[in-house]
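Coordinates from protein_9.txt are shown below (compact mmCIF, C-alpha atoms and all ligand atoms).
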# COMPACT_ATOMS: atom_id res chain seq x y z
CA MET A 1 20.08 38.62 14.17
CA ASN A 2 20.75 35.03 13.65
CA ILE A 3 17.76 33.83 11.80
CA MET A 4 18.25 31.00 9.38
CA THR A 5 16.00 31.34 6.39
CA GLU A 6 15.21 28.11 4.71
CA LYS A 7 14.02 28.07 1.16
CA ILE A 8 11.26 25.57 0.81
CA LYS A 9 10.29 24.61 -2.69
CA VAL A 10 6.55 24.27 -2.75
CA GLU A 11 5.19 22.29 -5.64
CA GLU A 12 1.96 23.71 -6.94
CA ALA A 13 -0.91 21.47 -5.96
CA VAL A 14 -2.70 19.89 -8.86
CA ASP A 15 -6.26 18.61 -8.54
CA ILE A 16 -6.63 16.74 -11.81
CA SER A 17 -4.09 15.25 -14.21
CA VAL A 18 -5.35 14.02 -17.55
CA VAL A 19 -3.05 11.45 -19.13
CA ILE A 20 -3.52 11.02 -22.89
CA PRO A 21 -1.49 8.42 -24.81
CA LEU A 22 -1.46 9.06 -28.54
CA TYR A 23 0.00 7.61 -31.68
CA ASN A 24 -0.62 9.44 -34.98
CA GLU A 25 -3.69 11.37 -33.83
CA ALA A 26 -2.82 14.81 -35.32
CA GLU A 27 -6.32 15.45 -36.70
CA SER A 28 -8.04 14.94 -33.35
CA LEU A 29 -5.74 16.92 -31.05
CA ALA A 30 -7.04 20.49 -31.51
CA GLU A 31 -10.66 19.53 -30.89
CA LEU A 32 -9.69 17.24 -28.00
CA TYR A 33 -7.71 20.04 -26.38
CA SER A 34 -10.42 22.69 -26.62
CA ARG A 35 -13.13 20.34 -25.32
CA LEU A 36 -10.90 19.24 -22.44
CA VAL A 37 -10.05 22.81 -21.41
CA LYS A 38 -13.73 23.78 -21.47
CA THR A 39 -14.81 20.76 -19.43
CA LEU A 40 -12.00 20.84 -16.87
CA SER A 41 -12.32 24.58 -16.19
CA SER A 42 -15.83 23.92 -14.94
CA VAL A 43 -14.48 21.42 -12.38
CA SER A 44 -11.19 22.93 -11.19
CA ASN A 45 -8.58 25.45 -12.29
CA ASN A 46 -5.74 23.31 -11.03
CA TYR A 47 -5.39 20.75 -13.72
CA GLU A 48 -2.70 19.52 -16.09
CA LEU A 49 -2.95 17.82 -19.46
CA ILE A 50 -0.19 15.28 -20.03
CA PHE A 51 0.06 14.19 -23.65
CA ILE A 52 2.33 11.23 -24.32
CA ASP A 53 3.34 11.04 -27.94
CA ASP A 54 4.10 7.35 -28.41
CA GLY A 55 6.49 7.87 -31.35
CA SER A 56 3.96 9.40 -33.79
CA LYS A 57 5.07 9.78 -37.38
CA ASP A 58 2.52 12.48 -38.29
CA ASP A 59 2.23 16.10 -37.10
CA SER A 60 1.01 15.21 -33.62
CA PHE A 61 4.11 16.49 -31.84
CA CYS A 62 4.17 19.88 -33.67
CA ILE A 63 0.54 20.43 -32.70
CA LEU A 64 1.28 19.49 -29.11
CA GLU A 65 4.25 21.88 -29.01
CA ARG A 66 1.97 24.71 -30.11
CA LEU A 67 -0.56 23.85 -27.40
CA HIS A 68 2.23 23.71 -24.85
CA LYS A 69 3.46 27.20 -25.82
CA ASP A 70 -0.06 28.61 -25.51
CA ASN A 71 -0.93 26.95 -22.24
CA PRO A 72 1.50 25.96 -19.45
CA LYS A 73 -1.02 23.41 -18.21
CA VAL A 74 -0.17 21.31 -21.27
CA LYS A 75 2.76 18.96 -20.72
CA ILE A 76 4.14 16.80 -23.47
CA ILE A 77 6.36 13.77 -23.46
CA GLN A 78 7.62 12.37 -26.72
CA PHE A 79 8.90 8.81 -27.02
CA ARG A 80 11.73 8.18 -29.46
CA ARG A 81 9.79 5.30 -30.97
CA ASN A 82 6.46 3.54 -30.58
CA TYR A 83 6.41 1.65 -27.27
CA GLY A 84 2.67 0.97 -26.97
CA LYS A 85 -0.20 2.38 -24.97
CA ALA A 86 0.74 0.69 -21.67
CA ALA A 87 4.21 2.27 -21.69
CA ALA A 88 2.69 5.66 -22.53
CA ILE A 89 0.16 5.43 -19.69
CA SER A 90 2.82 4.24 -17.26
CA THR A 91 5.04 7.24 -18.13
CA GLY A 92 2.04 9.56 -17.78
CA PHE A 93 1.31 8.10 -14.34
CA ARG A 94 4.85 8.80 -13.22
CA GLU A 95 4.60 12.40 -14.41
CA ALA A 96 1.12 13.07 -13.02
CA LYS A 97 0.87 15.27 -9.94
CA GLY A 98 -2.91 15.43 -9.56
CA GLU A 99 -4.90 14.04 -6.65
CA VAL A 100 -7.13 12.53 -9.32
CA VAL A 101 -5.70 11.12 -12.52
CA ILE A 102 -7.86 10.65 -15.61
CA THR A 103 -6.77 8.54 -18.57
CA MET A 104 -8.40 8.83 -21.96
CA ASP A 105 -7.74 8.02 -25.61
CA ALA A 106 -6.83 10.83 -27.98
CA ASP A 107 -9.07 9.78 -30.86
CA LEU A 108 -12.23 11.51 -29.50
CA GLN A 109 -13.97 8.15 -29.01
CA ASP A 110 -13.82 8.90 -25.28
CA ILE A 111 -15.97 11.94 -24.61
CA PRO A 112 -14.15 14.64 -22.56
CA GLU A 113 -17.47 16.03 -21.27
CA GLU A 114 -17.95 12.80 -19.29
CA ILE A 115 -14.98 13.54 -17.00
CA PRO A 116 -17.05 15.36 -14.31
CA ASN A 117 -19.33 12.29 -14.04
CA LEU A 118 -16.30 10.05 -13.49
CA ILE A 119 -14.95 12.36 -10.78
CA SER A 120 -18.34 12.53 -9.00
CA LYS A 121 -18.46 8.75 -8.96
CA LEU A 122 -14.89 8.56 -7.65
CA ASN A 123 -15.89 10.93 -4.85
CA GLU A 124 -18.51 8.44 -3.72
CA GLY A 125 -15.61 6.62 -2.05
CA TYR A 126 -13.84 4.67 -4.79
CA ASP A 127 -10.16 4.47 -5.71
CA LEU A 128 -10.68 3.74 -9.39
CA ILE A 129 -13.65 4.31 -11.67
CA THR A 130 -13.67 2.64 -15.04
CA GLY A 131 -15.96 3.80 -17.83
CA TRP A 132 -18.68 1.50 -19.11
CA ARG A 133 -19.49 2.25 -22.74
CA LEU A 134 -23.14 1.24 -22.74
CA LYS A 135 -23.63 1.99 -26.45
CA ARG A 136 -20.20 1.21 -27.75
CA LEU A 137 -19.68 2.56 -31.27
CA ASP A 138 -17.18 0.04 -32.58
CA SER A 139 -17.46 -2.75 -35.16
CA PHE A 140 -19.47 -5.87 -34.24
CA PRO A 141 -16.49 -8.29 -34.10
CA LYS A 142 -14.68 -5.91 -31.77
CA ARG A 143 -17.69 -5.51 -29.49
CA PHE A 144 -18.35 -9.28 -29.48
CA ALA A 145 -14.74 -10.25 -28.68
CA SER A 146 -14.63 -7.58 -26.01
CA ARG A 147 -17.83 -8.86 -24.40
CA VAL A 148 -16.50 -12.45 -24.28
CA PHE A 149 -13.23 -11.19 -22.86
CA ASN A 150 -14.90 -9.03 -20.20
CA THR A 151 -17.21 -11.87 -19.13
CA ILE A 152 -14.33 -14.35 -18.73
CA ALA A 153 -12.16 -11.82 -16.91
CA SER A 154 -14.93 -10.87 -14.51
CA LEU A 155 -15.81 -14.56 -13.83
CA LEU A 156 -12.19 -15.49 -13.18
CA THR A 157 -11.40 -12.54 -10.94
CA GLY A 158 -14.75 -12.05 -9.24
CA LEU A 159 -14.71 -8.34 -10.13
CA PRO A 160 -18.12 -7.43 -11.60
CA ILE A 161 -16.91 -4.99 -14.27
CA HIS A 162 -18.54 -4.80 -17.70
CA ASP A 163 -15.98 -2.89 -19.74
CA LEU A 164 -12.35 -3.38 -18.75
CA ASN A 165 -10.77 -1.73 -21.74
CA CYS A 166 -12.60 1.61 -21.78
CA GLY A 167 -9.91 4.28 -22.26
CA LEU A 168 -11.67 6.75 -19.96
CA LYS A 169 -10.92 6.00 -16.31
CA ALA A 170 -10.40 7.98 -13.12
CA TYR A 171 -7.86 7.03 -10.46
CA ARG A 172 -6.81 8.32 -7.09
CA LYS A 173 -3.16 9.31 -6.92
CA THR A 174 -2.31 6.35 -4.66
CA VAL A 175 -3.48 3.91 -7.32
CA VAL A 176 -1.39 5.31 -10.17
CA LYS A 177 1.71 5.60 -8.04
CA GLU A 178 1.44 1.98 -6.96
CA LEU A 179 0.42 0.02 -10.05
CA LYS A 180 3.17 -1.29 -12.28
CA ILE A 181 2.15 -1.71 -15.90
CA TYR A 182 4.10 -2.95 -18.87
CA GLY A 183 3.54 -4.91 -22.10
CA GLU A 184 -0.16 -4.58 -22.82
CA LEU A 185 -1.32 -4.72 -19.25
CA HIS A 186 -3.10 -1.35 -19.54
CA ARG A 187 -6.20 -3.43 -20.30
CA PHE A 188 -6.10 -4.93 -16.84
CA LEU A 189 -5.63 -1.90 -14.64
CA PRO A 190 -8.96 -2.38 -12.81
CA LEU A 191 -8.08 -6.06 -12.20
CA LEU A 192 -4.57 -5.24 -11.01
CA ALA A 193 -5.95 -2.53 -8.72
CA HIS A 194 -8.66 -4.91 -7.45
CA CYS A 195 -5.97 -7.47 -6.58
CA GLU A 196 -4.16 -4.76 -4.60
CA GLY A 197 -7.27 -4.13 -2.51
CA PHE A 198 -8.38 -0.85 -4.11
CA ARG A 199 -12.11 -0.09 -4.38
CA ILE A 200 -13.23 -0.26 -7.99
CA GLY A 201 -16.44 1.15 -9.43
CA GLU A 202 -17.82 1.80 -12.88
CA GLN A 203 -19.67 4.67 -14.49
CA GLU A 204 -21.87 4.48 -17.56
CA LEU A 205 -20.50 6.70 -20.32
CA ARG A 206 -21.34 7.79 -23.82
CA HIS A 207 -18.96 6.72 -26.58
CA ASP A 208 -18.26 8.12 -30.04
CA LEU A 209 -17.18 6.85 -33.41
CA ARG A 210 -13.56 7.35 -34.39
CA LYS A 211 -13.64 10.58 -36.45
CA HIS A 212 -10.15 10.55 -37.97
CA GLY A 213 -7.59 7.88 -38.80
CA LYS A 214 -8.04 4.24 -37.88
CA SER A 215 -7.61 1.95 -34.87
CA LYS A 216 -4.01 1.18 -33.97
CA TYR A 217 -4.78 -2.41 -33.07
CA ASN A 218 -5.61 -5.45 -35.18
CA SER A 219 -7.44 -8.69 -34.37
CA THR A 220 -4.41 -10.36 -32.70
CA ARG A 221 -5.04 -8.06 -29.71
CA PHE A 222 -7.67 -10.45 -28.35
CA LEU A 223 -5.39 -13.48 -28.39
CA LYS A 224 -2.67 -11.42 -26.71
CA GLY A 225 -5.31 -10.16 -24.31
CA PHE A 226 -6.13 -13.70 -23.13
CA PHE A 227 -2.45 -14.50 -22.58
CA ASP A 228 -2.13 -11.27 -20.61
CA LEU A 229 -5.19 -12.24 -18.56
CA LEU A 230 -3.50 -15.54 -17.67
CA THR A 231 -0.35 -13.66 -16.66
CA VAL A 232 -2.31 -11.27 -14.46
CA LEU A 233 -4.25 -14.08 -12.80
CA PHE A 234 -1.17 -16.22 -12.29
CA LEU A 235 1.01 -13.42 -10.96
CA ASN A 236 -1.60 -12.15 -8.56
CA LYS A 237 -2.84 -15.47 -7.29
CA TYR A 238 0.29 -17.56 -7.10
CA LEU A 239 3.19 -15.10 -7.00
CA GLY A 240 3.56 -15.52 -3.25
CA SER A 241 3.22 -19.33 -3.35
CA PRO A 242 4.27 -20.81 -6.72
CA LEU A 243 4.58 -24.28 -5.21
CA HIS A 244 0.82 -24.31 -4.60
CA PHE A 245 0.28 -23.99 -8.34
CA PHE A 246 3.06 -26.18 -9.75
CA GLY A 247 2.96 -28.60 -6.82
CA LEU A 248 -0.68 -29.44 -7.53
CA PHE A 249 0.12 -30.56 -11.08
CA GLY A 250 3.35 -32.19 -9.91
CA ILE A 251 1.66 -34.33 -7.27
CA PHE A 252 -1.07 -35.34 -9.73
CA PHE A 253 1.42 -36.52 -12.38
CA LEU A 254 3.72 -38.13 -9.81
CA PHE A 255 0.90 -40.17 -8.24
CA ALA A 256 -0.42 -41.21 -11.66
CA GLY A 257 3.11 -42.35 -12.63
CA VAL A 258 3.57 -44.24 -9.35
CA GLY A 259 0.17 -45.93 -9.90
CA VAL A 260 1.03 -47.05 -13.44
CA ASN A 261 4.49 -48.28 -12.42
CA SER A 262 3.11 -50.14 -9.39
CA TYR A 263 0.88 -52.08 -11.77
CA ILE A 264 3.89 -52.87 -14.00
CA THR A 265 5.85 -54.01 -10.92
CA TYR A 266 2.91 -56.22 -9.87
CA LEU A 267 2.92 -57.88 -13.33
CA ARG A 268 6.67 -58.44 -13.17
CA VAL A 269 6.54 -59.94 -9.66
CA SER A 270 3.46 -62.13 -10.28
CA PHE A 271 4.10 -63.34 -13.82
CA GLY A 272 7.88 -62.95 -14.23
CA ASN A 273 7.48 -60.43 -17.09
CA ILE A 274 5.40 -57.33 -17.84
CA GLN A 275 3.41 -59.13 -20.56
CA GLY A 276 4.34 -56.74 -23.35
CA ARG A 277 3.02 -53.63 -21.61
CA TYR A 278 6.00 -51.50 -22.66
CA PRO A 279 3.99 -48.43 -23.74
CA LEU A 280 2.43 -48.37 -20.26
CA LEU A 281 5.87 -48.62 -18.67
CA PHE A 282 7.06 -45.62 -20.71
CA LEU A 283 3.93 -43.69 -19.79
CA GLY A 284 4.49 -44.41 -16.09
CA VAL A 285 8.11 -43.25 -16.22
CA LEU A 286 7.14 -40.15 -18.21
CA LEU A 287 4.41 -39.19 -15.73
CA MET A 288 6.81 -39.52 -12.81
CA VAL A 289 9.51 -37.42 -14.51
CA VAL A 290 7.01 -34.71 -15.47
CA GLY A 291 5.59 -34.72 -11.94
CA ILE A 292 9.03 -34.28 -10.38
CA GLN A 293 9.78 -31.47 -12.84
CA PHE A 294 6.62 -29.61 -11.88
CA ILE A 295 7.49 -29.89 -8.21
CA THR A 296 11.08 -28.67 -8.74
CA THR A 297 9.76 -25.77 -10.86
CA GLY A 298 7.48 -24.87 -7.95
CA LEU A 299 10.42 -25.01 -5.54
CA LEU A 300 12.48 -22.76 -7.83
CA GLY A 301 9.50 -20.40 -7.96
CA GLU A 302 9.42 -20.37 -4.15
CA MET A 303 13.10 -19.38 -4.13
CA LEU A 304 12.39 -16.49 -6.53
CA ALA A 305 9.35 -15.44 -4.51
CA ASP A 306 11.52 -15.47 -1.42
CA ILE A 307 14.10 -13.20 -3.04
CA HIS A 308 11.37 -10.72 -4.07
CA GLN A 309 9.44 -11.07 -0.85
CA GLU A 310 10.24 -7.52 0.28
CA ASN A 311 8.30 -6.07 -2.64
CA LYS A 312 5.48 -8.55 -2.82
CA GLU A 313 4.46 -9.52 0.62
CA GLN A 314 4.04 -6.11 2.26
CA PRO A 315 0.39 -5.58 3.23
CA LYS A 316 -1.13 -2.62 1.39
CA ILE A 317 -2.46 -0.09 3.91
CA ARG A 318 -5.61 1.90 3.13
CA CYS A 319 -5.41 4.27 6.09
CA ILE A 320 -3.82 4.58 9.51
CA ARG A 321 -5.37 6.30 12.53
CA ARG A 322 -2.86 6.87 15.27
CA ASN A 323 -4.81 9.29 17.45
CA LEU A 324 -8.45 10.20 17.89
CA ASN A 325 -8.19 13.65 16.26
CA GLU A 326 -6.69 12.33 13.08
CA LYS A 327 -9.20 12.54 10.27
CA VAL A 328 -8.38 10.66 7.11
CA LEU A 329 -10.47 11.55 4.12
CA PRO A 330 -9.83 10.95 0.46
CA ALA A 331 -8.96 14.13 -1.43
CA ARG A 332 -11.96 15.72 -3.10
CA ILE A 333 -12.23 17.98 -6.08
CA LYS A 334 -14.05 21.33 -6.00
CA GLY A 335 -17.67 21.11 -7.09
CA ASP A 336 -18.71 18.21 -4.89
CA SER A 337 -20.19 18.81 -1.48
CA PRO A 338 -17.78 17.71 1.26
CA PRO A 339 -18.70 14.62 3.27
CA ASN A 340 -20.37 15.17 6.64
N1 LIG A 401 -2.12 4.41 -28.84
C1 LIG A 401 -0.83 4.64 -28.38
N2 LIG A 401 0.16 3.78 -28.77
C2 LIG A 401 -0.08 2.71 -29.57
C3 LIG A 401 -1.41 2.46 -29.99
C4 LIG A 401 -2.40 3.32 -29.59
O1 LIG A 401 -0.59 5.60 -27.66
O2 LIG A 401 0.87 1.98 -29.89
C5 LIG A 401 -3.19 5.33 -28.43
C6 LIG A 401 -4.06 5.83 -29.58
O3 LIG A 401 -3.48 6.94 -30.22
C7 LIG A 401 -5.34 6.19 -28.86
C8 LIG A 401 -5.43 5.10 -27.79
O4 LIG A 401 -4.11 4.61 -27.61
O5 LIG A 401 -5.27 7.45 -28.26
C9 LIG A 401 -6.37 3.97 -28.17
O6 LIG A 401 -6.00 3.46 -29.45
P1 LIG A 401 -7.08 3.07 -30.55
O7 LIG A 401 -8.11 4.15 -30.68
O8 LIG A 401 -6.36 2.71 -31.80
O9 LIG A 401 -7.72 1.76 -29.90
P2 LIG A 401 -9.23 1.23 -30.05
O10 LIG A 401 -10.16 2.41 -29.88
O11 LIG A 401 -9.31 0.61 -31.38
O12 LIG A 401 -9.37 0.26 -28.91
MG MG A 402 -10.15 4.30 -30.36

Starting from the file, lay out its structure as structure tokens.
Ligand code: UDP
Ligand code: MG
Amino acid sequence: MNIMTEKIKVEEAVDISVVIPLYNEAESLAELYSRLVKTLSSVSNNYELIFIDDGSKDDSFCILERLHKDNPKVKIIQFRRNYGKAAAISTGFREAKGEVVITMDADLQDIPEEIPNLISKLNEGYDLITGWRLKRLDSFPKRFASRVFNTIASLLTGLPIHDLNCGLKAYRKTVVKELKIYGELHRFLPLLAHCEGFRIGEQELRHDLRKHGKSKYNSTRFLKGFFDLLTVLFLNKYLGSPLHFFGLFGIFFLFAGVGVNSYITYLRVSFGNIQGRYPLLFLGVLLMVVGIQFITTGLLGEMLADIHQENKEQPKIRCIRRNLNEKVLPARIKGDSPPN
């Protein structure tokens, strides 16, 4: 008998991955774990909990190791040092195997029992559901700054989302495998996904006070947040055509400079001198130089965009139907009635 037996490694299917970035949250972990296990078991038995210890200096990692020994569904990743929440989430996304990926904070402010509501909403046909903390239990300055920030972000991007920075979110696998996050861009995941053509929705959620420890961020986060918003807007809007952005300023300055210098030339030709208008002459020259610099920056940007074109300019495909029998449906989690 000449039968070739091929060993095929089948990876166990995972319905839900919960990605939890944490930094010095030892006191919250045991309660978080037990509430998560209770909630998730009611939705699906195929889940994994991915804890990313972002360089904690307290007992967080020892506690996680114990949980991992008790339950193989618990996976832990420990960073050598503190890299920040965005890096932790990004690493969690890479590790996640679930069809649906949930992110949440470890400080028990995000309520684990809300996860089934997020998943139900996702199953209505969205790619990403972001939590909306209707009664947010944070200090007034934090809530106020957040509201201003959310309003500006939603006006500038046209995405009607009320609460960008809620830790509790649900994603389809395709979203987490595609989005690239770094720095502090975890705040903008719904915006980044929106720019990539994913369908974004929001779900009202309850929110709790921080029970242990204190917030890991200070007030400079909002200033950094606005710079990050500019980066996100700029990269998404003008990455493919930097000359459209820089060229606009360049042409404006160049024309203003040409206008001023034409006037100076007119004075020189008509009266034989520029009648002491030296500051205006300098301004004209300056405007022209700045204008040309903007335009050359735009051209350099075009060259860079051209080099990276392969990555950036590919259309993002939602689904392909090649024959009539092919049925493409988003993956669903047990507990929701299948679509007709
Ligand atoms: N966090 C992290 N790395 C950091 C800062 C925070 O992994 O450098 C985690 C933190 O442990 C928590 C979540 O990110 O699980 C949100 O942090 P925090 O509760 O301090 O933020 P806030 O609720 O004040 O927005
Ligand atoms: Mg918190």

**OP:** Write out as an MDAnalysis selection string which residues come within 6 Å of Asn24 of chain A when counting all atoms listed in the file, dropping same-chain ones fewer than 2 positions away.
**Re:** chainID A and resid 26 56 58

Around ligand LIG 401 (chain A), out to 9 Å and counting only C-alpha atoms and all ligand atoms, which residues are there? I want them as an mmCIF file with C-alpha atoms, keeping the file's coordinate frame.
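Final file, result.cif:
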data_model
loop_
_atom_site.group_PDB
_atom_site.id
_atom_site.type_symbol
_atom_site.label_atom_id
_atom_site.label_comp_id
_atom_site.auth_asym_id
_atom_site.auth_seq_id
_atom_site.Cartn_x
_atom_site.Cartn_y
_atom_site.Cartn_z
ATOM 1 C CA ILE A 20 -3.520 11.020 -22.890
ATOM 2 C CA PRO A 21 -1.490 8.420 -24.810
ATOM 3 C CA LEU A 22 -1.460 9.060 -28.540
ATOM 4 C CA TYR A 23 0.000 7.610 -31.680
ATOM 5 C CA ASN A 24 -0.620 9.440 -34.980
ATOM 6 C CA GLU A 25 -3.690 11.370 -33.830
ATOM 7 C CA ILE A 52 2.330 11.230 -24.320
ATOM 8 C CA ASP A 53 3.340 11.040 -27.940
ATOM 9 C CA ASP A 54 4.100 7.350 -28.410
ATOM 10 C CA GLY A 55 6.490 7.870 -31.350
ATOM 11 C CA SER A 56 3.960 9.400 -33.790
ATOM 12 C CA ASN A 82 6.460 3.540 -30.580
ATOM 13 C CA TYR A 83 6.410 1.650 -27.270
ATOM 14 C CA GLY A 84 2.670 0.970 -26.970
ATOM 15 C CA LYS A 85 -0.200 2.380 -24.970
ATOM 16 C CA ALA A 86 0.740 0.690 -21.670
ATOM 17 C CA ALA A 87 4.210 2.270 -21.690
ATOM 18 C CA ALA A 88 2.690 5.660 -22.530
ATOM 19 C CA ILE A 89 0.160 5.430 -19.690
ATOM 20 C CA MET A 104 -8.400 8.830 -21.960
ATOM 21 C CA ASP A 105 -7.740 8.020 -25.610
ATOM 22 C CA ALA A 106 -6.830 10.830 -27.980
ATOM 23 C CA ASP A 107 -9.070 9.780 -30.860
ATOM 24 C CA LEU A 108 -12.230 11.510 -29.500
ATOM 25 C CA GLN A 109 -13.970 8.150 -29.010
ATOM 26 C CA ASP A 110 -13.820 8.900 -25.280
ATOM 27 C CA ASP A 138 -17.180 0.040 -32.580
ATOM 28 C CA LYS A 142 -14.680 -5.910 -31.770
ATOM 29 C CA ASN A 165 -10.770 -1.730 -21.740
ATOM 30 C CA CYS A 166 -12.600 1.610 -21.780
ATOM 31 C CA GLY A 167 -9.910 4.280 -22.260
ATOM 32 C CA ARG A 210 -13.560 7.350 -34.390
ATOM 33 C CA GLY A 213 -7.590 7.880 -38.800
ATOM 34 C CA LYS A 214 -8.040 4.240 -37.880
ATOM 35 C CA SER A 215 -7.610 1.950 -34.870
ATOM 36 C CA LYS A 216 -4.010 1.180 -33.970
ATOM 37 C CA TYR A 217 -4.780 -2.410 -33.070
ATOM 38 C CA ASN A 218 -5.610 -5.450 -35.180
#

Original post:
When distances are computed from only C-alpha atoms, which of A:Lys57, A:His244, A:Arg66, A:Arg172 shows the smallest separation from Gly301 of chain A?
Top reply: A:His244

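Using only C-alpha atoms and all ligand atoms, the smallest distance between any of A:Ile111, A:Ala153, A:Leu243, A:Leu192 and ligand MG 402 (chain A) comes from A:Ile111.
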
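Of the residues under consideration (A:Glu204, A:Thr151, A:Gly240, A:Thr265), A:Thr265 shows the shortest atom-to-atom contact distance to Arg277 of chain A when counting only C-alpha atoms.
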
Subject >> For Phe227 of chain A: contacts at 12 Å, only C-alpha atoms, fewer than 5 positions along chain excluded, given as number ranges by chain >> reply: A: 149, 153, 183-185, 187-188, 220-222, 232-234

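Going from atom MG of ligand MG 402 (chain A) to atom CA of Ile16 of chain A covers 22.6 Å.
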